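Listing of final-v2.pdb, PDB, C-alpha atoms and all ligand atoms
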```
ATOM      1  CA  MET A  60       0.000   0.000   0.000  1.00  0.00           C
ATOM      2  CA  THR A  61       1.503   3.357  -0.961  1.00  0.00           C
ATOM      3  CA  PRO A  62       1.119   6.167   1.604  1.00  0.00           C
ATOM      4  CA  ALA A  63      -1.525   7.868  -0.580  1.00  0.00           C
ATOM      5  CA  GLU A  64      -3.822   4.821  -0.254  1.00  0.00           C
ATOM      6  CA  ILE A  65      -4.008   4.730   3.559  1.00  0.00           C
ATOM      7  CA  ALA A  66      -7.548   5.333   4.890  1.00  0.00           C
ATOM      8  CA  ALA A  67      -7.994   8.445   7.071  1.00  0.00           C
ATOM      9  CA  LYS A  68      -9.017   6.354  10.098  1.00  0.00           C
ATOM     10  CA  ASP A  69      -5.836   4.244   9.913  1.00  0.00           C
ATOM     11  CA  ARG A  70      -3.582   7.317   9.951  1.00  0.00           C
ATOM     12  CA  LEU A  71      -4.200   8.009  13.645  1.00  0.00           C
ATOM     13  CA  ILE A  72      -1.797   6.105  15.906  1.00  0.00           C
ATOM     14  CA  VAL A  73      -2.770   6.322  19.579  1.00  0.00           C
ATOM     15  CA  ALA A  74       0.248   6.232  21.902  1.00  0.00           C
ATOM     16  CA  LEU A  75      -0.526   3.870  24.793  1.00  0.00           C
ATOM     17  CA  ASP A  76       1.698   5.805  27.204  1.00  0.00           C
ATOM     18  CA  LEU A  77       0.234   4.072  30.238  1.00  0.00           C
ATOM     19  CA  PRO A  78       1.847   2.419  33.257  1.00  0.00           C
ATOM     20  CA  SER A  79       0.458  -1.123  33.061  1.00  0.00           C
ATOM     21  CA  LEU A  80      -1.020  -3.765  30.815  1.00  0.00           C
ATOM     22  CA  ASP A  81      -4.347  -3.433  32.658  1.00  0.00           C
ATOM     23  CA  ALA A  82      -4.490   0.310  32.023  1.00  0.00           C
ATOM     24  CA  ALA A  83      -3.606  -0.215  28.352  1.00  0.00           C
ATOM     25  CA  GLU A  84      -6.224  -2.937  27.889  1.00  0.00           C
ATOM     26  CA  ALA A  85      -8.882  -0.753  29.545  1.00  0.00           C
ATOM     27  CA  MET A  86      -8.016   2.115  27.156  1.00  0.00           C
ATOM     28  CA  ILE A  87      -8.129  -0.199  24.117  1.00  0.00           C
ATOM     29  CA  ALA A  88     -11.578  -1.422  25.230  1.00  0.00           C
ATOM     30  CA  ARG A  89     -12.820   2.174  25.607  1.00  0.00           C
ATOM     31  CA  LEU A  90     -11.549   3.106  22.137  1.00  0.00           C
ATOM     32  CA  GLY A  91     -13.176   0.006  20.656  1.00  0.00           C
ATOM     33  CA  ASP A  92     -13.548  -0.096  16.870  1.00  0.00           C
ATOM     34  CA  SER A  93     -12.661   3.569  16.421  1.00  0.00           C
ATOM     35  CA  VAL A  94      -8.871   3.147  16.702  1.00  0.00           C
ATOM     36  CA  THR A  95      -6.991   0.719  14.438  1.00  0.00           C
ATOM     37  CA  PHE A  96      -3.356   1.591  15.207  1.00  0.00           C
ATOM     38  CA  TYR A  97      -1.568   1.779  18.591  1.00  0.00           C
ATOM     39  CA  LYS A  98       1.929   2.739  19.686  1.00  0.00           C
ATOM     40  CA  ILE A  99       3.727   0.927  22.493  1.00  0.00           C
ATOM     41  CA  GLY A 100       6.785   2.741  23.848  1.00  0.00           C
ATOM     42  CA  TYR A 101       9.292   2.318  26.667  1.00  0.00           C
ATOM     43  CA  GLN A 102       6.836   2.864  29.523  1.00  0.00           C
ATOM     44  CA  LEU A 103       4.403   0.118  28.570  1.00  0.00           C
ATOM     45  CA  ALA A 104       6.913  -2.203  26.866  1.00  0.00           C
ATOM     46  CA  TYR A 105       8.985  -2.462  30.061  1.00  0.00           C
ATOM     47  CA  ALA A 106       5.851  -2.881  32.186  1.00  0.00           C
ATOM     48  CA  GLY A 107       4.832  -6.146  30.532  1.00  0.00           C
ATOM     49  CA  GLY A 108       3.345  -4.560  27.394  1.00  0.00           C
ATOM     50  CA  LEU A 109       5.197  -6.465  24.668  1.00  0.00           C
ATOM     51  CA  PRO A 110       2.715  -9.413  24.533  1.00  0.00           C
ATOM     52  CA  LEU A 111       0.063  -6.814  23.707  1.00  0.00           C
ATOM     53  CA  ILE A 112       1.623  -6.526  20.234  1.00  0.00           C
ATOM     54  CA  GLY A 113       0.531 -10.060  19.318  1.00  0.00           C
ATOM     55  CA  LYS A 114      -2.846  -9.706  21.070  1.00  0.00           C
ATOM     56  CA  LEU A 115      -3.661  -6.527  19.153  1.00  0.00           C
ATOM     57  CA  ALA A 116      -2.421  -8.016  15.879  1.00  0.00           C
ATOM     58  CA  ASP A 117      -4.709 -11.034  16.435  1.00  0.00           C
ATOM     59  CA  LYS A 118      -7.623  -8.589  16.772  1.00  0.00           C
ATOM     60  CA  GLY A 119      -6.736  -7.025  13.405  1.00  0.00           C
ATOM     61  CA  LYS A 120      -5.108  -3.922  14.913  1.00  0.00           C
ATOM     62  CA  LYS A 121      -1.698  -2.558  13.910  1.00  0.00           C
ATOM     63  CA  VAL A 122       1.055  -1.831  16.399  1.00  0.00           C
ATOM     64  CA  PHE A 123       3.945   0.617  16.272  1.00  0.00           C
ATOM     65  CA  ALA A 124       6.711  -0.697  18.557  1.00  0.00           C
ATOM     66  CA  ASP A 125       8.473   2.541  19.508  1.00  0.00           C
ATOM     67  CA  LEU A 126      11.555   0.843  20.907  1.00  0.00           C
ATOM     68  CA  LYS A 127      14.152   3.193  19.355  1.00  0.00           C
ATOM     69  CA  LEU A 128      16.812   0.508  18.964  1.00  0.00           C
ATOM     70  CA  HIS A 129      20.499   1.364  18.679  1.00  0.00           C
ATOM     71  CA  ASP A 130      23.406  -1.085  19.018  1.00  0.00           C
ATOM     72  CA  ILE A 131      26.010  -2.774  16.834  1.00  0.00           C
ATOM     73  CA  GLY A 132      24.508  -3.794  13.499  1.00  0.00           C
ATOM     74  CA  ASN A 133      24.418  -7.538  14.228  1.00  0.00           C
ATOM     75  CA  THR A 134      22.581  -7.050  17.536  1.00  0.00           C
ATOM     76  CA  VAL A 135      20.068  -4.705  15.928  1.00  0.00           C
ATOM     77  CA  MET A 136      19.502  -7.204  13.108  1.00  0.00           C
ATOM     78  CA  ARG A 137      18.713 -10.024  15.541  1.00  0.00           C
ATOM     79  CA  GLY A 138      16.521  -7.793  17.697  1.00  0.00           C
ATOM     80  CA  VAL A 139      14.525  -6.704  14.670  1.00  0.00           C
ATOM     81  CA  GLU A 140      14.056 -10.337  13.591  1.00  0.00           C
ATOM     82  CA  SER A 141      12.457 -10.952  17.007  1.00  0.00           C
ATOM     83  CA  VAL A 142      10.228  -7.851  16.862  1.00  0.00           C
ATOM     84  CA  ALA A 143       9.045  -8.860  13.378  1.00  0.00           C
ATOM     85  CA  LYS A 144       7.857 -12.194  14.844  1.00  0.00           C
ATOM     86  CA  LEU A 145       5.827 -10.367  17.545  1.00  0.00           C
ATOM     87  CA  GLY A 146       3.535  -9.001  14.837  1.00  0.00           C
ATOM     88  CA  ALA A 147       4.409  -5.282  14.984  1.00  0.00           C
ATOM     89  CA  SER A 148       3.795  -3.146  11.888  1.00  0.00           C
ATOM     90  CA  PHE A 149       6.264  -0.323  12.670  1.00  0.00           C
ATOM     91  CA  LEU A 150       9.497  -0.307  14.690  1.00  0.00           C
ATOM     92  CA  THR A 151      11.744   2.674  15.430  1.00  0.00           C
ATOM     93  CA  VAL A 152      15.534   2.664  15.383  1.00  0.00           C
ATOM     94  CA  HIS A 153      17.928   5.571  15.752  1.00  0.00           C
ATOM     95  CA  ALA A 154      19.176   6.861  12.404  1.00  0.00           C
ATOM     96  CA  TYR A 155      22.809   5.719  12.570  1.00  0.00           C
ATOM     97  CA  PRO A 156      24.008   3.985   9.405  1.00  0.00           C
ATOM     98  CA  GLN A 157      25.104   0.682  11.033  1.00  0.00           C
ATOM     99  CA  THR A 158      21.892   0.560  13.061  1.00  0.00           C
ATOM    100  CA  MET A 159      19.651   1.238  10.053  1.00  0.00           C
ATOM    101  CA  LYS A 160      21.552  -1.292   7.908  1.00  0.00           C
ATOM    102  CA  GLY A 161      21.166  -3.974  10.598  1.00  0.00           C
ATOM    103  CA  ALA A 162      17.477  -3.160  11.017  1.00  0.00           C
ATOM    104  CA  VAL A 163      16.756  -3.437   7.288  1.00  0.00           C
ATOM    105  CA  GLU A 164      18.601  -6.793   7.189  1.00  0.00           C
ATOM    106  CA  GLY A 165      16.658  -8.037  10.224  1.00  0.00           C
ATOM    107  CA  ARG A 166      13.344  -6.979   8.706  1.00  0.00           C
ATOM    108  CA  GLY A 167      14.117  -8.967   5.539  1.00  0.00           C
ATOM    109  CA  HIS A 168      10.858  -9.642   3.716  1.00  0.00           C
ATOM    110  CA  ALA A 169       8.650  -9.324   6.816  1.00  0.00           C
ATOM    111  CA  SER A 170       5.772  -6.848   6.656  1.00  0.00           C
ATOM    112  CA  LEU A 171       7.334  -4.868   9.535  1.00  0.00           C
ATOM    113  CA  LYS A 172       8.325  -1.336   8.505  1.00  0.00           C
ATOM    114  CA  ILE A 173      11.462   0.245   9.933  1.00  0.00           C
ATOM    115  CA  LEU A 174      11.158   3.914  10.908  1.00  0.00           C
ATOM    116  CA  ALA A 175      14.281   5.947  11.596  1.00  0.00           C
ATOM    117  CA  VAL A 176      14.330   8.619  14.291  1.00  0.00           C
ATOM    118  CA  THR A 177      16.574  11.268  12.695  1.00  0.00           C
ATOM    119  CA  VAL A 178      17.254  13.634  15.610  1.00  0.00           C
ATOM    120  CA  LEU A 179      15.199  13.516  18.803  1.00  0.00           C
ATOM    121  CA  THR A 180      12.834  16.486  18.844  1.00  0.00           C
ATOM    122  CA  SER A 181      14.001  17.523  22.327  1.00  0.00           C
ATOM    123  CA  TYR A 182      17.481  18.293  20.851  1.00  0.00           C
ATOM    124  CA  ASN A 183      18.469  21.734  19.610  1.00  0.00           C
ATOM    125  CA  ASP A 184      21.750  22.819  17.970  1.00  0.00           C
ATOM    126  CA  ASP A 185      23.428  23.395  21.352  1.00  0.00           C
ATOM    127  CA  ASP A 186      22.502  19.899  22.531  1.00  0.00           C
ATOM    128  CA  LEU A 187      24.035  18.429  19.369  1.00  0.00           C
ATOM    129  CA  HIS A 188      27.244  20.427  19.794  1.00  0.00           C
ATOM    130  CA  ALA A 189      27.425  19.348  23.459  1.00  0.00           C
ATOM    131  CA  ALA A 190      27.139  15.751  22.239  1.00  0.00           C
ATOM    132  CA  GLY A 191      30.074  16.296  19.874  1.00  0.00           C
ATOM    133  CA  TYR A 192      28.289  16.869  16.568  1.00  0.00           C
ATOM    134  CA  ARG A 193      29.441  19.478  14.026  1.00  0.00           C
ATOM    135  CA  LEU A 194      26.088  19.728  12.220  1.00  0.00           C
ATOM    136  CA  GLY A 195      23.025  21.563  13.491  1.00  0.00           C
ATOM    137  CA  VAL A 196      19.610  19.932  13.791  1.00  0.00           C
ATOM    138  CA  SER A 197      18.257  20.698  10.327  1.00  0.00           C
ATOM    139  CA  GLU A 198      21.449  19.629   8.517  1.00  0.00           C
ATOM    140  CA  LEU A 199      21.700  16.424  10.555  1.00  0.00           C
ATOM    141  CA  VAL A 200      18.009  15.585  10.025  1.00  0.00           C
ATOM    142  CA  GLU A 201      18.432  15.957   6.257  1.00  0.00           C
ATOM    143  CA  ALA A 202      21.699  14.002   6.126  1.00  0.00           C
ATOM    144  CA  ARG A 203      20.216  11.139   8.141  1.00  0.00           C
ATOM    145  CA  ALA A 204      16.968  11.132   6.139  1.00  0.00           C
ATOM    146  CA  GLN A 205      18.979  10.699   2.945  1.00  0.00           C
ATOM    147  CA  GLN A 206      21.086   7.938   4.502  1.00  0.00           C
ATOM    148  CA  ALA A 207      17.896   6.212   5.684  1.00  0.00           C
ATOM    149  CA  GLN A 208      16.447   6.274   2.191  1.00  0.00           C
ATOM    150  CA  VAL A 209      19.635   4.928   0.585  1.00  0.00           C
ATOM    151  CA  LEU A 210      19.771   2.096   3.158  1.00  0.00           C
ATOM    152  CA  GLY A 211      16.188   0.987   2.439  1.00  0.00           C
ATOM    153  CA  VAL A 212      14.528   2.253   5.633  1.00  0.00           C
ATOM    154  CA  ASP A 213      10.737   2.464   5.202  1.00  0.00           C
ATOM    155  CA  GLY A 214       9.956   5.722   6.947  1.00  0.00           C
ATOM    156  CA  LEU A 215      10.969   8.533   9.274  1.00  0.00           C
ATOM    157  CA  VAL A 216       9.683   9.888  12.562  1.00  0.00           C
ATOM    158  CA  CYS A 217       9.792  13.660  12.411  1.00  0.00           C
ATOM    159  CA  SER A 218       8.348  16.775  13.995  1.00  0.00           C
ATOM    160  CA  PRO A 219       5.379  18.352  12.158  1.00  0.00           C
ATOM    161  CA  GLU A 220       7.607  21.295  11.244  1.00  0.00           C
ATOM    162  CA  GLU A 221      10.052  19.013   9.414  1.00  0.00           C
ATOM    163  CA  VAL A 222       7.416  17.143   7.396  1.00  0.00           C
ATOM    164  CA  GLY A 223       7.228  19.556   4.453  1.00  0.00           C
ATOM    165  CA  ALA A 224      10.996  19.690   3.834  1.00  0.00           C
ATOM    166  CA  LEU A 225      11.446  15.938   4.349  1.00  0.00           C
ATOM    167  CA  ARG A 226       8.609  15.092   1.995  1.00  0.00           C
ATOM    168  CA  LYS A 227      10.369  17.099  -0.736  1.00  0.00           C
ATOM    169  CA  LEU A 228      13.669  15.419   0.080  1.00  0.00           C
ATOM    170  CA  VAL A 229      12.561  11.761   0.200  1.00  0.00           C
ATOM    171  CA  GLY A 230       9.500  11.761  -2.074  1.00  0.00           C
ATOM    172  CA  HIS A 231       6.412   9.656  -1.484  1.00  0.00           C
ATOM    173  CA  GLN A 232       7.803   6.165  -0.985  1.00  0.00           C
ATOM    174  CA  MET A 233       8.868   6.751   2.635  1.00  0.00           C
ATOM    175  CA  ASN A 234       6.255   6.967   5.406  1.00  0.00           C
ATOM    176  CA  LEU A 235       6.478  10.149   7.477  1.00  0.00           C
ATOM    177  CA  VAL A 236       5.181   9.617  11.006  1.00  0.00           C
ATOM    178  CA  THR A 237       4.631  12.684  13.167  1.00  0.00           C
ATOM    179  CA  PRO A 238       4.184  13.119  16.925  1.00  0.00           C
ATOM    180  CA  GLY A 239       3.731  16.584  18.453  1.00  0.00           C
ATOM    181  CA  ILE A 240       0.094  16.756  17.336  1.00  0.00           C
ATOM    182  CA  ARG A 241      -2.466  18.748  19.271  1.00  0.00           C
ATOM    183  CA  PRO A 242      -6.109  19.255  18.305  1.00  0.00           C
ATOM    184  CA  ALA A 243      -6.991  22.977  18.491  1.00  0.00           C
ATOM    185  CA  GLY A 244      -7.515  23.909  22.155  1.00  0.00           C
ATOM    186  CA  ALA A 245      -5.707  20.854  23.628  1.00  0.00           C
ATOM    187  CA  ALA A 246      -2.943  21.320  26.233  1.00  0.00           C
ATOM    188  CA  SER A 247       0.529  21.148  24.675  1.00  0.00           C
ATOM    189  CA  GLY A 248       2.112  19.282  27.638  1.00  0.00           C
ATOM    190  CA  ASP A 249       5.893  19.110  27.112  1.00  0.00           C
ATOM    191  CA  GLN A 250       5.630  19.238  23.304  1.00  0.00           C
ATOM    192  CA  LYS A 251       7.167  22.487  22.072  1.00  0.00           C
ATOM    193  CA  ARG A 252       6.702  22.317  18.317  1.00  0.00           C
ATOM    194  CA  ILE A 253       3.083  21.325  17.839  1.00  0.00           C
ATOM    195  CA  MET A 254       0.619  21.310  14.947  1.00  0.00           C
ATOM    196  CA  THR A 255      -3.053  20.467  14.548  1.00  0.00           C
ATOM    197  CA  PRO A 256      -3.953  17.149  12.850  1.00  0.00           C
ATOM    198  CA  GLY A 257      -5.294  18.888   9.754  1.00  0.00           C
ATOM    199  CA  ARG A 258      -2.196  21.035   9.255  1.00  0.00           C
ATOM    200  CA  ALA A 259       0.196  18.125   9.772  1.00  0.00           C
ATOM    201  CA  ILE A 260      -1.625  16.026   7.159  1.00  0.00           C
ATOM    202  CA  ALA A 261      -1.754  18.989   4.765  1.00  0.00           C
ATOM    203  CA  ALA A 262       2.024  19.410   5.269  1.00  0.00           C
ATOM    204  CA  GLY A 263       2.538  15.817   4.072  1.00  0.00           C
ATOM    205  CA  ALA A 264       2.452  13.542   7.141  1.00  0.00           C
ATOM    206  CA  ASP A 265       1.209   9.978   6.506  1.00  0.00           C
ATOM    207  CA  TYR A 266       0.533   9.018  10.134  1.00  0.00           C
ATOM    208  CA  LEU A 267      -0.043  11.100  13.269  1.00  0.00           C
ATOM    209  CA  VAL A 268       0.964   9.837  16.717  1.00  0.00           C
ATOM    210  CA  VAL A 269      -1.251  11.237  19.469  1.00  0.00           C
ATOM    211  CA  GLY A 270      -0.921  10.301  23.114  1.00  0.00           C
ATOM    212  CA  ARG A 271      -2.138  12.486  25.970  1.00  0.00           C
ATOM    213  CA  PRO A 272      -4.894  14.380  24.112  1.00  0.00           C
ATOM    214  CA  VAL A 273      -6.590  10.975  23.610  1.00  0.00           C
ATOM    215  CA  VAL A 274      -5.623   8.815  26.591  1.00  0.00           C
ATOM    216  CA  GLU A 275      -6.100  11.584  29.165  1.00  0.00           C
ATOM    217  CA  ALA A 276      -9.418  12.786  27.694  1.00  0.00           C
ATOM    218  CA  ALA A 277     -12.717  12.422  29.557  1.00  0.00           C
ATOM    219  CA  ASP A 278     -14.041  10.754  26.384  1.00  0.00           C
ATOM    220  CA  PRO A 279     -11.037   9.257  24.523  1.00  0.00           C
ATOM    221  CA  LYS A 280     -13.183   7.716  21.782  1.00  0.00           C
ATOM    222  CA  ALA A 281     -14.807  11.058  20.915  1.00  0.00           C
ATOM    223  CA  VAL A 282     -11.410  12.788  20.739  1.00  0.00           C
ATOM    224  CA  ALA A 283      -9.947  10.006  18.547  1.00  0.00           C
ATOM    225  CA  GLU A 284     -12.917  10.163  16.176  1.00  0.00           C
ATOM    226  CA  ALA A 285     -12.700  13.965  15.974  1.00  0.00           C
ATOM    227  CA  ILE A 286      -9.005  13.690  15.021  1.00  0.00           C
ATOM    228  CA  GLN A 287      -9.828  11.078  12.359  1.00  0.00           C
ATOM    229  CA  ALA A 288     -12.546  13.376  10.969  1.00  0.00           C
ATOM    230  CA  GLU A 289     -10.048  16.244  10.800  1.00  0.00           C
ATOM    231  CA  ILE A 290      -7.567  13.960   8.989  1.00  0.00           C
ATOM    232  CA  ALA A 291     -10.272  12.947   6.491  1.00  0.00           C
ATOM    233  CA  GLN A 292     -11.145  16.570   5.866  1.00  0.00           C
ATOM    234  CA  ALA A 293      -7.491  17.498   5.275  1.00  0.00           C
ATOM    235  CA  LEU A 294      -7.197  14.629   2.789  1.00  0.00           C
ATOM    236  CA  GLY A 295     -10.384  15.718   1.058  1.00  0.00           C
ATOM    237  CA  SER A 296     -11.822  12.220   1.584  1.00  0.00           C
TER     238      SER A 296
HETATM  239  O1  LIG B 301       1.241  12.651  24.552  1.00  0.00           O
HETATM  240  P1  LIG B 301       1.821  13.038  23.232  1.00  0.00           P
HETATM  241  O2  LIG B 301       0.769  13.218  22.136  1.00  0.00           O
HETATM  242  O3  LIG B 301       2.769  14.204  23.300  1.00  0.00           O
HETATM  243  O4  LIG B 301       2.638  11.750  22.811  1.00  0.00           O
HETATM  244  C1  LIG B 301       3.495  11.706  21.714  1.00  0.00           C
HETATM  245  C2  LIG B 301       4.150  10.361  21.635  1.00  0.00           C
HETATM  246  O5  LIG B 301       5.109  10.403  20.584  1.00  0.00           O
HETATM  247  C3  LIG B 301       4.890   9.947  22.885  1.00  0.00           C
HETATM  248  O6  LIG B 301       4.759   8.532  22.999  1.00  0.00           O
HETATM  249  C4  LIG B 301       6.316  10.333  22.603  1.00  0.00           C
HETATM  250  O7  LIG B 301       7.265   9.498  23.230  1.00  0.00           O
HETATM  251  C5  LIG B 301       6.396  10.115  21.099  1.00  0.00           C
HETATM  252  N1  LIG B 301       7.431  10.853  20.426  1.00  0.00           N
HETATM  253  C6  LIG B 301       7.557  12.238  20.495  1.00  0.00           C
HETATM  254  N2  LIG B 301       8.553  12.864  19.818  1.00  0.00           N
HETATM  255  C7  LIG B 301       9.407  12.158  19.099  1.00  0.00           C
HETATM  256  C8  LIG B 301       9.281  10.767  19.006  1.00  0.00           C
HETATM  257  C9  LIG B 301       8.266  10.145  19.697  1.00  0.00           C
HETATM  258  O8  LIG B 301       6.762  12.902  21.127  1.00  0.00           O
HETATM  259  N3  LIG B 301      10.353  12.768  18.422  1.00  0.00           N
END
```
So, in terms of structure tokens, how does the structure I just supplied come out?
Ligand code: C5P
Amino acid sequence: MTPAEIAAKDRLIVALDLPSLDAAEAMIARLGDSVTFYKIGYQLAYAGGLPLIGKLADKGKKVFADLKLHDIGNTVMRGVESVAKLGASFLTVHAYPQTMKGAVEGRGHASLKILAVTVLTSYNDDDLHAAGYRLGVSELVEARAQQAQVLGVDGLVCSPEEVGALRKLVGHQMNLVTPGIRPAGAASGDQKRIMTPGRAIAAGADYLVVGRPVVEAADPKAVAEAIQAEIAQALGS
């Protein structure tokens, strides 16, 4: 399926940033048929959440394993082989060449898509210099996006502000997945560079990751459906 063919409803990925399997399962039950794609990150994965990947896949849902792997290429390759068997649809790795190469080898012909995290969105130019880098954020994001594409990585995680430039750089074959999304009027939390769902889709994002505005809402299902409606409107579908 090319990015242009993804249904509006399937472009919302709800981040299950919750402390336990019970809390995650209760949220999934509340969201019911409305949400088709979930993200499991560090908090839930290390609190017994990994088996949820297979359970959700068995129910026809898709799962983004946001595990942000980074190690020597061989270790990443073997780790990715294991994640592919869990039934995840997306997996993040940090955008270092050896790591991305190992991840693409580990994915092989599995349906799992590898997403590269170019530069963490909490980093600015000073943080990169403090970590020993010569390039600033925008140059490093672009350099790593191009390396990711050459190495056969399937998509990129990027801030909504980077989507437009990255879409021009990598074309339409790579999936662009964007956190930092806030429906108009929602609290920004610790996200600094935020965009509404409609604007992020119009800028070229394929998938939107939304956590707190959905899982902390009084009516999570209503918020999720409103975001999906805004996505559909932005797509003109
Ligand atoms: O609650 P909120 O909508 O801000 O959640 C966004 C999700 O996307 C969180 O799970 C967060 O870890 C993740 N994320 C992010 N920025 C990135 C990569 C992932 O906010 N650059």
Within 8 Å of ligand LIG 301 (chain B): each chain A residue with its shortest pair, only C-alpha atoms and all ligand atoms, as CSV:
```
residue,atom,partner,partner_atom,distance
A:Ala74,CA,B:LIG301,O6,5.2
A:Leu75,CA,B:LIG301,O6,7.3
A:Asp76,CA,B:LIG301,O6,5.9
A:Lys98,CA,B:LIG301,O6,7.2
A:Ile99,CA,B:LIG301,O6,7.7
A:Gly100,CA,B:LIG301,O6,6.2
A:Asp125,CA,B:LIG301,C9,7.6
A:Val176,CA,B:LIG301,N3,7.1
A:Val178,CA,B:LIG301,N3,7.5
A:Leu179,CA,B:LIG301,N3,4.9
A:Thr180,CA,B:LIG301,N3,4.5
A:Ser181,CA,B:LIG301,N3,7.2
A:Val216,CA,B:LIG301,C8,6.5
A:Cys217,CA,B:LIG301,N3,6.1
A:Ser218,CA,B:LIG301,N3,6.3
A:Thr237,CA,B:LIG301,C7,7.6
A:Pro238,CA,B:LIG301,O5,4.6
A:Gly239,CA,B:LIG301,O8,5.5
A:Ile240,CA,B:LIG301,O2,6.0
A:Arg241,CA,B:LIG301,O2,7.0
A:Ser247,CA,B:LIG301,O3,7.4
A:Gly248,CA,B:LIG301,O3,6.7
A:Asp249,CA,B:LIG301,O3,7.0
A:Gln250,CA,B:LIG301,O3,5.8
A:Val268,CA,B:LIG301,O5,5.7
A:Val269,CA,B:LIG301,O2,3.9
A:Gly270,CA,B:LIG301,O1,3.5
A:Arg271,CA,B:LIG301,O1,3.7
A:Pro272,CA,B:LIG301,O2,6.1
A:Val273,CA,B:LIG301,O2,7.8
```
Q: Have a look at A:Ala245, A:Leu228, A:Ala175, A:Ala162 and name the one nearest to Glu201 (chain A); count all atoms listed in the file.
A: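 Of A:Ala245, A:Leu228, A:Ala175, A:Ala162, the one nearest Glu201 (chain A) is A:Leu228, counting all atoms listed in the file.
For the choices A:Val222, A:Ala88, A:Val229, A:Ala246, the atom-to-atom distance to Gln205 (chain A) is smallest for A:Val229 when using all atoms listed in the file.
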Q. Using only C-alpha atoms, which residue out of A:Ala67, A:Leu194, A:Ala83, A:Val73 lies closest to Ala264 (chain A)?
A.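 When distances to Ala264 (chain A) are compared using only C-alpha atoms, the smallest one comes from A:Ala67.
Here the question is which of A:Leu225, A:Met233, A:Ala154, A:Ile87 gets nearest to Lys120 (chain A) using all atoms listed in the file, and that residue is A:Ile87.
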Q: Grab the CA of Ile290 (chain A) to CA of Gly223 (chain A) distance for me, in Å with one decimal place.
A: 16.5 Å
Q.
So, with only C-alpha atoms as the atoms that count, which of A:Val139, A:Ala293, A:Val209, A:Ala190 lies closest to Leu126 (chain A)?
A.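 Using only C-alpha atoms, Leu126 (chain A) sits closest to A:Val139.
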Q. Within 9 Å of Ala106 (chain A), counting all atoms listed in the file, which residues qualify if same-chain residues fewer than 3 places away don't, as a ChimeraX atom specification?
A. /A:78-80,101-103,109
Q: Write out as a VMD selection string the residues lying within 9 Å of Ala207 (chain A), counting all atoms listed in the file and excluding same-chain residues fewer than 6 positions away.
A: chain A and resid 154 to 156 159 to 160 174 to 175 177 213 to 215
Q) Excluding same-chain residues fewer than 5 positions from Val135 (chain A), what lies within 8 Å of it counting all atoms listed in the file, as a list in words? A)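 So the residues in contact are Leu128, His129, Asp130, Thr158, Gly161, Ala162 and Gly165 of chain A.
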Provide an axis-aligned box for all listed atoms of region 239-248 of chain A, padding each side by 4 Å; report its centre and its edge lengths in Å to one decimal, as JSON.
```
{"center_x": -1.9, "center_y": 20.2, "center_z": 22.5, "size_x": 19.2, "size_y": 15.3, "size_z": 18.3}
```
Q: Just say which residues the PyMOL selection byres (((chain A and resi 94) around 9) and not hetatm) picks in this file, as a VMD selection string.
A: chain A and resid 68 to 69 71 to 73 87 90 to 93 95 to 97 120 280 283 to 284
**Q.** Computed interatomic separation between CA of Gln292 (chain A) and CA of Glu221 (chain A) (Å)
**A.**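 Here the two named atoms are 21.6 Å from each other.
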Q: Would you please work out which residue, of A:Ile286, A:Glu64, A:Met254, A:Gly191, is nearest to His231 (chain A) when using all atoms listed in the file?
A: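 Counting all atoms listed in the file, the residue closest to His231 (chain A) is A:Glu64.
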Q | Two-atom distance - CA of Lys127 (chain A), CA of Glu198 (chain A) (Å) | A | 21.0 Å
